[in-house]
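Structure first, commentary second.
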Amino acid sequence: MRQFIVFVRKEFYHIFRDKRTLLILFGMPVVLIVLFGFAITNEIHHVQIAVLDNARDTYSQQMIRKMTSSGYFTVKQNLRSADEIEVAFHKGDIKLVVVIPDHFGDKFYHQKKAPVQLLADASDPNTGTTVINYATAIIGQYQQEMTGKLELPLTINTEVRMEYNPSLKGVFLFVPGVMTLILMLVSAMMTSITITREKELGTMEILLVSPLRPVLIIAGKVVPYIALSFIIACIILVMGFFIFGMPIKGNLLLLLGECGLFGLTALSLGILISSVTNSQQTAMMISMMGLLLPTILLSGFVFPVESMPRPLQIFSNIIPAKWFIIILKDVMLKGAGLRQILLPTVILGGMTLFFLVLSVRNFKTRLS
Amino acid sequence: MRTIFFILQKEFLQIFRNRAMLPIIFVVPVVQLLVLSFAANYEIKNLSVDIVDQDNSTWSRQLRDKLLASGYFSLNRQTFNPKEAYKDLEANKADLVLTIPRHFERDLVRENEVKLQMLVNAINGSKAGLANGYATSIINSFNRQIRLDWLAMDEDNAPEHIAVSSRYWFNPDMNYKFFMVPGILVVLVTLIGAFLSGMNIVKEKEMGTIEQLNVTPIRKHHFIIGKLLPFWIIALFELSFGLVVGKLVFNIPIVGSIGYVFLFAAIYLVVMLGMGLLVSTFTETQQQSMFITWFFMIIFILMSGLFTPVESMPGWAQQLTLINPIAYFVKVIRMVMLKGSGWADIRYYLGMMLVFAVVINSIAVWNYRKTV
């Protein structure tokens with residue numbers, strides 16, 4: 001036991017001596033949370049538009065002013081002919097072109113129909129759709145102003161209530177997401193690399209002939225990373241709670257316990273990777289392509305799982321991150337207890353056990 | 001020149017001798033491209049909806065049919081009991097609950113105004129926003145239709161109105177993959193360029209073999225070129241490979257000239273390799289180098305406009321994209337491939353990229369001389 005403690009201490013020295021990595025280790029969650037919290041959104045404001053105003057009358061100008069004063073649009077360019085539309089789009093910044101016909105006001109009041117064309121750059125389909133929806137809504141409001149208050153018969157009003165998350169904050173998605181990502185990074189990627197490092201440098205042989213049992217060597221390598229990832233998980237929780245008001249409705253101890261469980265799952269994956277690879281480069285590429293990207297993509301953290309094709313939805317079930325995110329959300333937002341999250345917990349535990357057994361067996365065959 | 005050739009030969013031998021590297025270079029990108037393109041999909045369809053129709057009249061049934069026929073919603077449950085629907089919402093079985101009150105049709109005719117209630121499960125904010133947008137626009141168009149029917153009018157003699165028609169250019173089918181695939185190609189090229197090159201140099205340091213190289217007649221620039229050029233070639237190969245896969249599997253359009261894409265990629269890769277070199281000059285172990293690169297790459301990628309539009313970011317974040325090479329490449333590859341932008345449109349970005357390449361590589365080389 002004493003030997004083991006000494007070994008763990010040695011590993012801690014290695015980590016603490018490397019100031020740059022340590023700085024990034026603690027800086028990363030902070031930066032990621034800030035980025036997701038403040039910079040990464042899908043909402044639109046000040047979208048650059050171009051206007052082809054063939055009418056140039058009071059009404060058309062009022063309509064454009066109405067669009068810009070909404071804060072959603074900024075007129076970047078006034079076009080003179082239809083030929084310029086394509087050129088404007090090719091420049092890359094213009095997302096919408098509004099085409100107003102000649103004699104706009106005249107047509108509206110006398111022909112009772114004034115056609116307005118909205119041309120969106122739909123190379124990004126979602127921005128295209130959103131921009132057109134917003135512009136249509138603003139033009140609709142302006143039309144009401146032009147006609148004056150008119151009682152329309154048969155009006156359906158829709159009262160909308162956003163349940164659970166009234167202000168539509170993305171924070172409820174990205175705090176669990178970032179947490180999963182960082183635990184994966186620290187526990188799986190870092191462990192796999194530090195173990196393969198010993199192999200690559202040839203020091204693994206020296207460790208193996210030492211009186212320490214192989215299992216303890218691996219355990220000693222992992223223990224510091226468990227501690228680190230746990231501290232980082234706490235930092236993220238605290239930041240989410242104090243800066244973004246992410247509630248923690250459930251039991252805090254249960255939450256921390258689940259974090260520990262997921263940390264273990266990630267560690268077992270890291271050990272598994274290190275047992276099948278011999279170079280750090282390979283270990284890094286495998287953990288990046290095989291662990292981090294699926295964690296980001298398939299766990300429902302950035303992209304909704306519902307809109308993926310069926311095979312991917314089924315495949316996403318074998319990604320540990322998916323289950324951990326479910327647990328986090330249920331405990332933090334809905335205040336679930338152990339009984340409600342028993343299934344995902346058991347699945348995570350089972351995965352951990354499976355990976356551990358697999359990697360121990362792999363590791364032993366290498367020794368013989 | 002001959003020296004560089006020999007170093008190149010040695011590097012290629014080393015890269016291809018590593019059995020794990022071949023699948024990493026050839027198989028993983030294809031898998032990534034396929035999986036990512038299907039997964040990175042913000043297109044939201046099949047929202048499940050509970051409808052509480054307490055009226056059960058012609059109009060309420062018409063509204064329900066219109067909602068379900070739109071392709072965005074699928075019916076999870078139709079019920080009279082709002083509590084049942086609310087339970088579905090709580091259990092994540094329904095994304096949306098639409099309640100049509102009793103006497104919906106009668107009140108609409110008698111009092112000219114009626115209220116519908118819509119509950120949206122908003123834990124995923126952007127999804128809830130889209131669900132609300134779709135449902136509201138469907139209800140509005142239903143409203144207009146029954147109003148015209150009731151007044152026995154058609155579109156031509158309706159009250160005065162602005163007829164808004166909209167066109168979606170460059171991607172009329174709204175295929176999200178056309179938007180994502182070029183962006184993912186950028187990520188693939190970046191991974192090869194920035195990560196592998198940096199780690200490859202640090203590996204020599206970590207193994208101690210760099211000292212041996214230093215005492216050979218190999219000059220510094222021979223060494224640097226010999227180390228970086230293989231990854232430049234591999235990454236460009238990867239790009240062409242990815243373009244072929246994208247064309248064959250997703251049928252992505254290539255409207256503009258493919259030459260511009262390669263020209264830009266060639267310069268962009270010099271920037272990325274320079275970053276790898278720079279990182280390798282101030283790191284000692286592969287773990288460090290990988291970790292530092294990862295840190296900067298994830299920030300660059302998240303803020304590049306790959307997933308979320310740059311225009312949506314706050315001012316300070318938009319300023320930051322000015323020094324983000326990935327943001328330029330993502331923008332240019334989409335402009336050229338989807339919109340057919342030409343030389344005049346990408347000239348500025350190309351110039352910026354050249355500036356990056358020169359600046360980063362000078363710093364890296366300068367720093368490199370000092371440390372060795």
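By convention here, the chains of the structure tokens are called A, B, ... in the order presented, each chain's residues are numbered starting at 1, and ligands are numbered starting at 1 in the order presented.
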Contacts of Asn171 (chain B) at 9 Å or less, counting only C-alpha atoms, minus same-chain residues fewer than 5 places along, as a PDB file with N, CA, C and O atoms, in the first residue's frame?
```pdb
ATOM      1  N   ASP A 121     -30.349  33.728 -48.876  1.00  0.00           N
ATOM      2  CA  ASP A 121     -29.213  32.868 -49.144  1.00  0.00           C
ATOM      3  C   ASP A 121     -29.394  31.623 -48.294  1.00  0.00           C
ATOM      4  O   ASP A 121     -29.158  31.635 -47.095  1.00  0.00           O
ATOM      5  N   ALA A 122     -29.875  30.549 -48.918  1.00  0.00           N
ATOM      6  CA  ALA A 122     -30.222  29.368 -48.134  1.00  0.00           C
ATOM      7  C   ALA A 122     -29.094  28.362 -48.113  1.00  0.00           C
ATOM      8  O   ALA A 122     -29.323  27.196 -47.817  1.00  0.00           O
ATOM      9  N   SER A 123     -27.864  28.790 -48.404  1.00  0.00           N
ATOM     10  CA  SER A 123     -26.786  27.810 -48.294  1.00  0.00           C
ATOM     11  C   SER A 123     -26.723  27.332 -46.847  1.00  0.00           C
ATOM     12  O   SER A 123     -26.379  26.197 -46.586  1.00  0.00           O
ATOM     13  N   ASP A 124     -27.067  28.176 -45.889  1.00  0.00           N
ATOM     14  CA  ASP A 124     -27.368  27.705 -44.537  1.00  0.00           C
ATOM     15  C   ASP A 124     -28.887  27.687 -44.400  1.00  0.00           C
ATOM     16  O   ASP A 124     -29.503  28.728 -44.197  1.00  0.00           O
ATOM     17  N   PRO A 125     -29.501  26.507 -44.530  1.00  0.00           N
ATOM     18  CA  PRO A 125     -30.966  26.456 -44.595  1.00  0.00           C
ATOM     19  C   PRO A 125     -31.652  27.050 -43.370  1.00  0.00           C
ATOM     20  O   PRO A 125     -32.676  27.713 -43.493  1.00  0.00           O
TER      21      PRO A 125
ATOM     22  N   TYR B 176     -29.620  20.328 -45.547  1.00  0.00           N
ATOM     23  CA  TYR B 176     -28.655  20.776 -44.543  1.00  0.00           C
ATOM     24  C   TYR B 176     -27.276  20.189 -44.798  1.00  0.00           C
ATOM     25  O   TYR B 176     -26.272  20.759 -44.419  1.00  0.00           O
ATOM     26  N   PHE B 178     -25.740  19.815 -47.630  1.00  0.00           N
ATOM     27  CA  PHE B 178     -24.975  20.642 -48.560  1.00  0.00           C
ATOM     28  C   PHE B 178     -24.221  21.717 -47.788  1.00  0.00           C
ATOM     29  O   PHE B 178     -23.151  22.149 -48.180  1.00  0.00           O
ATOM     30  N   PHE B 179     -24.809  22.146 -46.718  1.00  0.00           N
ATOM     31  CA  PHE B 179     -24.190  23.194 -45.904  1.00  0.00           C
ATOM     32  C   PHE B 179     -23.092  22.607 -45.030  1.00  0.00           C
ATOM     33  O   PHE B 179     -22.037  23.205 -44.856  1.00  0.00           O
ATOM     34  N   LEU B 338     -21.093  26.266 -52.865  1.00  0.00           N
ATOM     35  CA  LEU B 338     -22.547  26.393 -52.928  1.00  0.00           C
ATOM     36  C   LEU B 338     -23.008  27.552 -53.793  1.00  0.00           C
ATOM     37  O   LEU B 338     -24.048  27.487 -54.419  1.00  0.00           O
ATOM     38  N   LYS B 339     -22.247  28.644 -53.774  1.00  0.00           N
ATOM     39  CA  LYS B 339     -22.741  29.828 -54.469  1.00  0.00           C
ATOM     40  C   LYS B 339     -21.981  30.133 -55.738  1.00  0.00           C
ATOM     41  O   LYS B 339     -22.393  30.971 -56.522  1.00  0.00           O
TER      42      LYS B 339
END
```
Problem - DSSP-assigned alpha helix (DSSP H) members of region 89-328 of chain A, reported as number ranges by chain - result: A: 89-91, 104-106, 125-147, 171-183, 191-201, 203-209, 214-244, 252-276, 280-286, 293-298, 310-315, 320-328
Within 6 Å of chain A, which residues of chain B show up? Give each one with its shortest atom-to-atom distance in Å (one decimal) and the two atoms involved, counting only C-alpha atoms, rows by chain then rising residue number, as a Markdown table.
```
| residue | atom | partner | partner_atom | distance |
| --- | --- | --- | --- | --- |
| B:Ala39 | CA | A:Met308 | CA | 5.5 |
| B:Ala40 | CA | A:Phe303 | CA | 5.9 |
| B:Ile44 | CA | A:Ser307 | CA | 5.6 |
| B:Leu108 | CA | A:Leu154 | CA | 5.4 |
| B:Asn112 | CA | A:Leu154 | CA | 4.3 |
| B:Glu113 | CA | A:Thr155 | CA | 4.7 |
| B:Val114 | CA | A:Ile156 | CA | 5.2 |
| B:Lys115 | CA | A:Asn157 | CA | 4.9 |
| B:Leu116 | CA | A:Thr158 | CA | 4.7 |
| B:Gln117 | CA | A:Glu159 | CA | 4.8 |
| B:Met118 | CA | A:Val160 | CA | 4.7 |
| B:Leu119 | CA | A:Arg161 | CA | 4.9 |
| B:Val120 | CA | A:Met162 | CA | 4.9 |
| B:Asn121 | CA | A:Glu163 | CA | 5.2 |
| B:Ala122 | CA | A:Asn165 | CA | 5.2 |
| B:Ile123 | CA | A:Asn165 | CA | 5.5 |
| B:Gly125 | CA | A:Leu168 | CA | 4.2 |
| B:Glu160 | CA | A:Lys112 | CA | 3.9 |
| B:His161 | CA | A:Lys113 | CA | 5.2 |
| B:Ile162 | CA | A:Ala114 | CA | 4.7 |
| B:Ala163 | CA | A:Pro115 | CA | 4.5 |
| B:Val164 | CA | A:Val116 | CA | 4.9 |
| B:Ser165 | CA | A:Gln117 | CA | 5.0 |
| B:Ser166 | CA | A:Leu118 | CA | 4.5 |
| B:Arg167 | CA | A:Leu119 | CA | 4.9 |
| B:Tyr168 | CA | A:Ala120 | CA | 5.1 |
| B:Trp169 | CA | A:Asp121 | CA | 5.2 |
| B:Phe170 | CA | A:Ser123 | CA | 5.7 |
| B:Asn171 | CA | A:Ser123 | CA | 5.3 |
| B:Met174 | CA | A:Pro125 | CA | 5.1 |
| B:Phe179 | CA | A:Asp124 | CA | 5.7 |
| B:Gln288 | CA | A:Thr21 | CA | 5.9 |
| B:Thr308 | CA | A:Asn42 | CA | 5.7 |
| B:Ser312 | CA | A:Ile44 | CA | 5.1 |
| B:Met313 | CA | A:Ala39 | CA | 5.0 |
| B:Ser341 | CA | A:His90 | CA | 5.0 |
| B:Asp345 | CA | A:Lys91 | CA | 5.2 |
```
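Atom pair CA of Asp57 (chain A) / CA of Pro101 (chain A) has a distance of 10.5 Å (rounded to one decimal).
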Practice task
Write out as a ChimeraX atom specification the residues lying within 10 Å of Val365 (chain B), counting only C-alpha atoms and excluding same-chain residues fewer than 5 positions away.
Solution key: /B:220-221,224,274,277-278,281,360,370
Exercise for the section: Write out as a VMD selection string all residues of region 108-153 of chain A that backbone DSSP assigns to strand (DSSP E or B). Expected result: chain A and resid 113 to 121
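The gap separating CA of Thr265 (chain A) from CA of Ser187 (chain A) is 8.7 Å, in Å to one decimal.
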Exercise for the section: Could you give me, as JSON, numbers by chain, the residues within 9 Å of Met352 (chain B), counting only C-alpha atoms and dropping anything in the same chain fewer than 4 positions from it? Expected result: {"B": [325, 328, 347, 348, 356, 357]}
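The shortest atom-to-atom distance to Arg102 (chain B), with only C-alpha atoms taken into account, belongs to B:Val52 out of B:Ala69, B:Leu243, B:Val52, B:Ile252.
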Leaving out Ser240 (chain B) and any residue of its chain fewer than 5 positions from it, which residues lie within 12 Å of it when counting only C-alpha atoms, given as a short mmCIF file (atom, residue, chain, number, x, y, z; two decimals) with all heavy atoms, in the first residue's frame?
```
data_model
loop_
_atom_site.label_atom_id
_atom_site.label_comp_id
_atom_site.auth_asym_id
_atom_site.auth_seq_id
_atom_site.Cartn_x
_atom_site.Cartn_y
_atom_site.Cartn_z
N PHE B 26 -7.01 7.02 -43.79
CA PHE B 26 -7.91 6.70 -44.90
C PHE B 26 -9.33 6.34 -44.49
O PHE B 26 -10.28 6.73 -45.14
CB PHE B 26 -7.32 5.56 -45.73
CG PHE B 26 -6.09 5.97 -46.45
CD1 PHE B 26 -4.84 5.68 -45.95
CD2 PHE B 26 -6.17 6.72 -47.62
CE1 PHE B 26 -3.69 6.10 -46.60
CE2 PHE B 26 -5.03 7.13 -48.28
CZ PHE B 26 -3.78 6.82 -47.77
N PRO B 29 -11.51 9.38 -41.79
CA PRO B 29 -12.15 10.55 -42.38
C PRO B 29 -13.46 10.22 -43.09
O PRO B 29 -14.43 10.98 -42.98
CB PRO B 29 -11.12 11.05 -43.38
CG PRO B 29 -9.83 10.55 -42.88
CD PRO B 29 -10.11 9.25 -42.22
N VAL B 30 -13.48 9.09 -43.78
CA VAL B 30 -14.71 8.73 -44.49
C VAL B 30 -15.83 8.50 -43.48
O VAL B 30 -16.94 9.01 -43.63
CB VAL B 30 -14.49 7.46 -45.34
CG1 VAL B 30 -15.78 7.07 -46.03
CG2 VAL B 30 -13.40 7.71 -46.35
N PRO B 182 -19.12 20.67 -46.76
CA PRO B 182 -17.90 21.47 -46.97
C PRO B 182 -17.25 21.88 -45.65
O PRO B 182 -16.01 21.83 -45.53
CB PRO B 182 -18.43 22.71 -47.71
CG PRO B 182 -19.70 22.30 -48.32
CD PRO B 182 -20.29 21.27 -47.42
N LEU B 185 -15.30 18.98 -44.19
CA LEU B 185 -14.04 18.79 -44.91
C LEU B 185 -12.96 19.68 -44.31
O LEU B 185 -11.81 19.27 -44.13
CB LEU B 185 -14.22 19.12 -46.39
CG LEU B 185 -15.00 18.10 -47.20
CD1 LEU B 185 -15.20 18.57 -48.63
CD2 LEU B 185 -14.25 16.79 -47.20
N VAL B 186 -13.33 20.89 -43.98
CA VAL B 186 -12.37 21.81 -43.37
C VAL B 186 -11.84 21.22 -42.05
O VAL B 186 -10.63 21.23 -41.80
CB VAL B 186 -13.02 23.19 -43.10
CG1 VAL B 186 -12.08 24.08 -42.32
CG2 VAL B 186 -13.40 23.84 -44.41
N LEU B 188 -11.66 18.08 -41.14
CA LEU B 188 -10.79 16.94 -41.40
C LEU B 188 -9.39 17.39 -41.78
O LEU B 188 -8.39 16.91 -41.25
CB LEU B 188 -11.37 16.09 -42.53
CG LEU B 188 -12.62 15.29 -42.19
CD1 LEU B 188 -13.08 14.51 -43.40
CD2 LEU B 188 -12.31 14.36 -41.04
N VAL B 189 -9.33 18.34 -42.71
CA VAL B 189 -8.04 18.84 -43.16
C VAL B 189 -7.28 19.48 -42.00
O VAL B 189 -6.07 19.29 -41.83
CB VAL B 189 -8.28 19.86 -44.29
CG1 VAL B 189 -7.01 20.59 -44.62
CG2 VAL B 189 -8.81 19.16 -45.51
N ILE B 233 0.86 17.24 -47.95
CA ILE B 233 0.43 16.37 -49.05
C ILE B 233 -0.72 15.48 -48.61
O ILE B 233 -1.75 15.37 -49.29
CB ILE B 233 1.62 15.51 -49.56
CG1 ILE B 233 2.68 16.42 -50.17
CG2 ILE B 233 1.15 14.48 -50.57
CD1 ILE B 233 3.99 15.74 -50.48
N ILE B 234 -0.57 14.87 -47.42
CA ILE B 234 -1.63 13.98 -46.94
C ILE B 234 -2.95 14.73 -46.78
O ILE B 234 -4.01 14.26 -47.18
CB ILE B 234 -1.22 13.32 -45.60
CG1 ILE B 234 -0.08 12.34 -45.85
CG2 ILE B 234 -2.40 12.59 -44.98
CD1 ILE B 234 0.47 11.73 -44.59
N ALA B 235 -2.87 15.95 -46.24
CA ALA B 235 -4.10 16.70 -45.99
C ALA B 235 -4.77 17.09 -47.30
O ALA B 235 -5.99 17.02 -47.42
CB ALA B 235 -3.80 17.95 -45.16
N VAL B 245 -15.95 11.59 -51.93
CA VAL B 245 -16.96 10.92 -51.11
C VAL B 245 -18.21 11.79 -51.00
O VAL B 245 -19.34 11.32 -51.16
CB VAL B 245 -16.41 10.60 -49.70
CG1 VAL B 245 -17.52 10.08 -48.81
CG2 VAL B 245 -15.29 9.58 -49.79
N GLY B 246 -18.02 13.08 -50.76
CA GLY B 246 -19.16 13.99 -50.64
C GLY B 246 -19.98 14.02 -51.92
O GLY B 246 -21.21 14.04 -51.90
N LYS B 247 -19.28 14.01 -53.05
CA LYS B 247 -19.97 14.05 -54.34
C LYS B 247 -20.75 12.75 -54.57
O LYS B 247 -21.91 12.78 -54.96
CB LYS B 247 -18.93 14.26 -55.44
CG LYS B 247 -19.49 14.49 -56.81
CD LYS B 247 -20.00 15.91 -56.94
CE LYS B 247 -21.02 16.02 -58.06
NZ LYS B 247 -21.77 17.27 -58.01
N ILE B 258 -13.40 24.33 -58.59
CA ILE B 258 -12.78 23.52 -57.55
C ILE B 258 -11.33 23.95 -57.34
O ILE B 258 -10.76 23.77 -56.26
CB ILE B 258 -12.89 22.03 -57.93
CG1 ILE B 258 -12.72 21.15 -56.70
CG2 ILE B 258 -11.91 21.64 -58.99
CD1 ILE B 258 -13.91 21.13 -55.83
N GLY B 259 -10.77 24.57 -58.36
CA GLY B 259 -9.39 25.06 -58.26
C GLY B 259 -9.23 26.05 -57.12
O GLY B 259 -8.24 26.01 -56.38
N VAL B 261 -10.89 26.12 -54.37
CA VAL B 261 -10.92 25.40 -53.10
C VAL B 261 -9.52 24.87 -52.78
O VAL B 261 -9.01 25.04 -51.67
CB VAL B 261 -11.93 24.24 -53.14
CG1 VAL B 261 -11.86 23.41 -51.87
CG2 VAL B 261 -13.34 24.78 -53.33
N PHE B 262 -8.88 24.28 -53.79
CA PHE B 262 -7.56 23.71 -53.55
C PHE B 262 -6.51 24.79 -53.33
O PHE B 262 -5.64 24.65 -52.47
CB PHE B 262 -7.16 22.79 -54.71
CG PHE B 262 -7.73 21.42 -54.56
CD1 PHE B 262 -8.89 21.05 -55.20
CD2 PHE B 262 -7.12 20.50 -53.72
CE1 PHE B 262 -9.44 19.80 -55.03
CE2 PHE B 262 -7.66 19.24 -53.54
CZ PHE B 262 -8.82 18.89 -54.19
N ALA B 265 -7.04 25.92 -49.86
CA ALA B 265 -6.64 24.88 -48.92
C ALA B 265 -5.13 24.80 -48.81
O ALA B 265 -4.57 24.62 -47.72
CB ALA B 265 -7.20 23.53 -49.35
N ALA B 266 -4.45 24.96 -49.95
CA ALA B 266 -2.99 24.86 -49.95
C ALA B 266 -2.39 25.92 -49.02
O ALA B 266 -1.50 25.62 -48.21
CB ALA B 266 -2.47 25.03 -51.36
#
```
Practice task
Pick out the residues sitting within 9 Å of Leu261 (chain A), and hand them over as a ChimeraX atom specification; count only C-alpha atoms, and ignore anything fewer than 6 positions along from it in its own chain.
Solution key: /A:345,348-349,352
Would you mind exporting the chosen residues as a tab-separated table (two decimals), in the first residue's frame, restricted to all heavy atoms?
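As a result, part.tsv now contains:
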```
chain	number	residue	atom	x	y	z
A	345	THR	N	-28.16	4.74	-14.87
A	345	THR	CA	-27.04	4.47	-13.96
A	345	THR	C	-26.54	3.05	-14.13
A	345	THR	O	-25.33	2.80	-14.22
A	345	THR	CB	-27.48	4.68	-12.51
A	345	THR	OG1	-28.13	5.94	-12.41
A	345	THR	CG2	-26.30	4.65	-11.57
A	348	LEU	N	-24.63	2.70	-17.37
A	348	LEU	CA	-23.28	3.26	-17.26
A	348	LEU	C	-22.37	2.32	-16.48
A	348	LEU	O	-21.24	2.04	-16.88
A	348	LEU	CB	-23.31	4.61	-16.55
A	348	LEU	CG	-23.42	5.87	-17.42
A	348	LEU	CD1	-23.22	7.11	-16.58
A	348	LEU	CD2	-22.39	5.83	-18.53
A	349	GLY	N	-22.89	1.83	-15.36
A	349	GLY	CA	-22.10	0.92	-14.53
A	349	GLY	C	-21.71	-0.33	-15.30
A	349	GLY	O	-20.56	-0.77	-15.27
A	352	THR	N	-18.95	0.42	-17.75
A	352	THR	CA	-17.66	0.57	-17.07
A	352	THR	C	-17.06	-0.79	-16.79
A	352	THR	O	-15.89	-1.05	-17.09
A	352	THR	CB	-17.88	1.30	-15.74
A	352	THR	OG1	-18.72	2.40	-15.97
A	352	THR	CG2	-16.57	1.76	-15.16
```
